[in-house]
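Colleague: Below you'll find the structure I mean.
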Amino acid sequence: MKLGGTEAAYAAGILDGEGSIILTRLRKKRWASPVVSIASTDRELLEWFRSRCGGTIVRKRTYQPQHSIICWKLTDRQALEFLRLVRPFMVVRRKIARCDLLLSDYLACTPRNGRYSPEMANRKRELIERFSSLP
């Protein structure tokens, strides 16, 4: 990920204003994992994010054909790395709380090989509940 200090501050501002930090299931048989996304009508902005941070750009379905909304997404460990870089510059408390919870607890309850012990599965469930209870 190629973000300098000024760029990380800029990215944090966009994330605070237009982005979301969620914990969701990306596939049916997987546990929920972190996703950072930014929706915009400006493709150039999202290409800037993709060129520096990776991720994917997808077109979102809209019910008004004249509006074209595009979304940049980072998932799993890439999302955590992005959050670690932009966290010092974030200002929206709701998003800071989500970011801090993921950065502090997610890796501790997520095995690299995807095989969960009963204890680790319980810790993962607790994390998902705490994350879901945040405003």
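FYI, nothing fancy with the structure tokens labels: chains A, B, ... in order, residues from 1 per chain, ligands from 1 as they appear.
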List as a short mmCIF file (atom, residue, chain, number, x, y, z; two decimals) with C-alpha atoms, in the first residue's frame the protein and nucleic acid residues near Ser132 (chain A), meaning an atom at most 12 Å away when only C-alpha atoms are counted, but skip any in the same chain fewer than 2 places from it.

Modeller:
data_model
loop_
_atom_site.label_atom_id
_atom_site.label_comp_id
_atom_site.auth_asym_id
_atom_site.auth_seq_id
_atom_site.Cartn_x
_atom_site.Cartn_y
_atom_site.Cartn_z
CA ILE A 21 -16.39 0.11 7.54
CA ILE A 22 -18.35 -3.11 7.84
CA LEU A 23 -17.94 -6.68 8.98
CA THR A 24 -19.79 -8.93 6.58
CA ALA A 32 -17.65 -12.34 8.48
CA ALA A 97 -14.97 2.92 17.11
CA ARG A 98 -15.47 0.38 14.30
CA LEU A 101 -12.42 -2.71 17.32
CA LEU A 102 -11.33 -4.38 14.09
CA ARG A 125 -18.96 -14.61 17.52
CA GLU A 126 -18.36 -12.17 20.37
CA LEU A 127 -16.46 -9.82 18.06
CA ILE A 128 -19.29 -9.93 15.52
CA GLU A 129 -21.84 -9.17 18.27
CA ARG A 130 -19.78 -6.26 19.63
CA LEU A 134 -21.82 -0.31 17.66
CA PRO A 135 -23.79 2.70 16.41
#

Colleague: From a DSSP calculation on the backbone, collect every residue of chain A in strand (DSSP E) and output the set as JSON, numbers by chain.

Modeller: {"A": [19, 20, 21, 22, 23, 24, 33, 34, 35, 36, 37, 38, 39, 40, 56, 57, 58, 59, 60, 69, 70, 71, 72, 73, 74, 75]}

Colleague: Keeping N, CA and C atoms for every residue in the selection just given, could you write it to a file as a short mmCIF file (atom, residue, chain, number, x, y, z; two decimals), in the first residue's frame?

Modeller:
data_model
loop_
_atom_site.label_atom_id
_atom_site.label_comp_id
_atom_site.auth_asym_id
_atom_site.auth_seq_id
_atom_site.Cartn_x
_atom_site.Cartn_y
_atom_site.Cartn_z
N GLY A 19 -17.30 6.93 3.07
CA GLY A 19 -16.99 5.51 3.16
C GLY A 19 -17.76 4.76 4.22
N SER A 20 -17.51 3.47 4.25
CA SER A 20 -18.10 2.64 5.29
C SER A 20 -17.10 1.56 5.71
N ILE A 21 -17.21 1.18 6.96
CA ILE A 21 -16.39 0.11 7.54
C ILE A 21 -17.38 -0.92 8.06
N ILE A 22 -17.38 -2.10 7.44
CA ILE A 22 -18.35 -3.11 7.84
C ILE A 22 -17.66 -4.44 8.08
N LEU A 23 -18.37 -5.31 8.75
CA LEU A 23 -17.94 -6.68 8.98
C LEU A 23 -19.04 -7.54 8.39
N THR A 24 -18.74 -8.21 7.29
CA THR A 24 -19.79 -8.93 6.58
C THR A 24 -19.26 -10.24 5.99
N SER A 33 -15.92 -10.95 7.54
CA SER A 33 -14.59 -10.34 7.48
C SER A 33 -14.74 -8.85 7.18
N PRO A 34 -13.70 -8.06 7.49
CA PRO A 34 -13.80 -6.60 7.33
C PRO A 34 -13.82 -6.18 5.86
N VAL A 35 -14.63 -5.17 5.60
CA VAL A 35 -14.71 -4.56 4.28
C VAL A 35 -14.70 -3.05 4.46
N VAL A 36 -13.83 -2.38 3.72
CA VAL A 36 -13.82 -0.92 3.66
C VAL A 36 -14.28 -0.56 2.26
N SER A 37 -15.26 0.33 2.17
CA SER A 37 -15.75 0.72 0.84
C SER A 37 -16.01 2.22 0.80
N ILE A 38 -15.85 2.76 -0.39
CA ILE A 38 -16.14 4.17 -0.64
C ILE A 38 -16.97 4.23 -1.91
N ALA A 39 -18.14 4.84 -1.81
CA ALA A 39 -19.03 4.98 -2.96
C ALA A 39 -18.93 6.42 -3.47
N SER A 40 -18.92 6.56 -4.78
CA SER A 40 -18.79 7.89 -5.38
C SER A 40 -19.32 7.86 -6.79
N THR A 56 -10.82 -3.35 -5.43
CA THR A 56 -11.59 -3.46 -6.67
C THR A 56 -12.57 -2.31 -6.78
N ILE A 57 -12.95 -2.02 -8.00
CA ILE A 57 -13.97 -1.01 -8.27
C ILE A 57 -15.13 -1.72 -8.95
N VAL A 58 -16.32 -1.53 -8.40
CA VAL A 58 -17.52 -2.15 -8.97
C VAL A 58 -18.60 -1.09 -9.16
N ARG A 59 -19.44 -1.31 -10.13
CA ARG A 59 -20.58 -0.41 -10.36
C ARG A 59 -21.75 -0.91 -9.51
N LYS A 60 -22.35 0.01 -8.77
CA LYS A 60 -23.50 -0.34 -7.94
C LYS A 60 -24.78 -0.18 -8.75
N ILE A 69 -23.36 5.10 -9.83
CA ILE A 69 -22.60 5.06 -8.59
C ILE A 69 -21.58 3.94 -8.68
N ILE A 70 -20.36 4.27 -8.31
CA ILE A 70 -19.26 3.32 -8.38
C ILE A 70 -18.74 3.15 -6.96
N CYS A 71 -18.24 1.96 -6.67
CA CYS A 71 -17.79 1.67 -5.31
C CYS A 71 -16.41 1.02 -5.35
N TRP A 72 -15.50 1.53 -4.53
CA TRP A 72 -14.17 0.94 -4.34
C TRP A 72 -14.21 0.13 -3.05
N LYS A 73 -13.66 -1.10 -3.09
CA LYS A 73 -13.71 -1.98 -1.92
C LYS A 73 -12.35 -2.61 -1.63
N LEU A 74 -12.07 -2.73 -0.35
CA LEU A 74 -10.94 -3.52 0.14
C LEU A 74 -11.50 -4.52 1.12
N THR A 75 -10.98 -5.73 1.12
CA THR A 75 -11.48 -6.75 2.03
C THR A 75 -10.36 -7.39 2.83
#

Colleague: By how many Å are CA of Lys29 (chain A) and CA of Pro111 (chain A) apart?

Modeller: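 Computing it gives 15.3 Å between the two atoms.
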
Colleague: Would you give me, as a VMD selection string, the residues in region 31-123 of chain A that DSSP reads as alpha helix (DSSP H)?

Modeller: chain A and resid 43 to 53 76 to 86 93 to 101 118 to 123

Colleague: What does the file look like for those residues with C-alpha atoms, as a compact mmCIF listing (two decimals), in the first residue's frame?

Modeller:
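Wrote again_26.txt, looks like this:
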# COMPACT_ATOMS: atom_id res chain seq x y z
CA ARG A 43 -14.40 7.33 -11.04
CA GLU A 44 -11.12 9.27 -10.95
CA LEU A 45 -11.25 9.42 -7.15
CA LEU A 46 -11.82 5.68 -6.88
CA GLU A 47 -9.04 4.96 -9.38
CA TRP A 48 -6.75 7.02 -7.12
CA PHE A 49 -7.65 4.72 -4.21
CA ARG A 50 -7.15 1.59 -6.31
CA SER A 51 -3.76 2.72 -7.64
CA ARG A 52 -2.43 3.37 -4.14
CA CYS A 53 -4.21 0.78 -2.02
CA ASP A 76 -9.87 -8.89 4.72
CA ARG A 77 -6.26 -8.09 5.66
CA GLN A 78 -5.95 -5.41 2.99
CA ALA A 79 -8.83 -3.58 4.65
CA LEU A 80 -7.12 -3.86 8.04
CA GLU A 81 -3.85 -2.52 6.61
CA PHE A 82 -5.69 0.44 5.08
CA LEU A 83 -7.44 1.16 8.39
CA ARG A 84 -4.14 1.02 10.25
CA LEU A 85 -2.71 3.68 7.92
CA VAL A 86 -5.66 6.09 8.01
CA ARG A 93 -16.31 8.81 16.25
CA ARG A 94 -18.65 6.10 14.95
CA LYS A 95 -16.14 5.04 12.31
CA ILE A 96 -13.23 5.34 14.72
CA ALA A 97 -14.97 2.92 17.11
CA ARG A 98 -15.47 0.38 14.30
CA CYS A 99 -11.89 0.81 13.11
CA ASP A 100 -10.41 0.42 16.60
CA LEU A 101 -12.42 -2.71 17.32
CA PRO A 118 -14.28 -23.91 19.48
CA GLU A 119 -12.67 -21.20 21.63
CA MET A 120 -11.67 -19.13 18.60
CA ALA A 121 -15.14 -19.51 17.08
CA ASN A 122 -16.67 -18.17 20.31
CA ARG A 123 -14.29 -15.19 20.29

Colleague: If you measure from CA of Ala108 (chain A) to CA of Lys28 (chain A), what distance in Å do you get, rounded to one decimal?

Modeller: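 Interatomic distance, CA of Ala108 (chain A) to CA of Lys28 (chain A): 22.2 Å.
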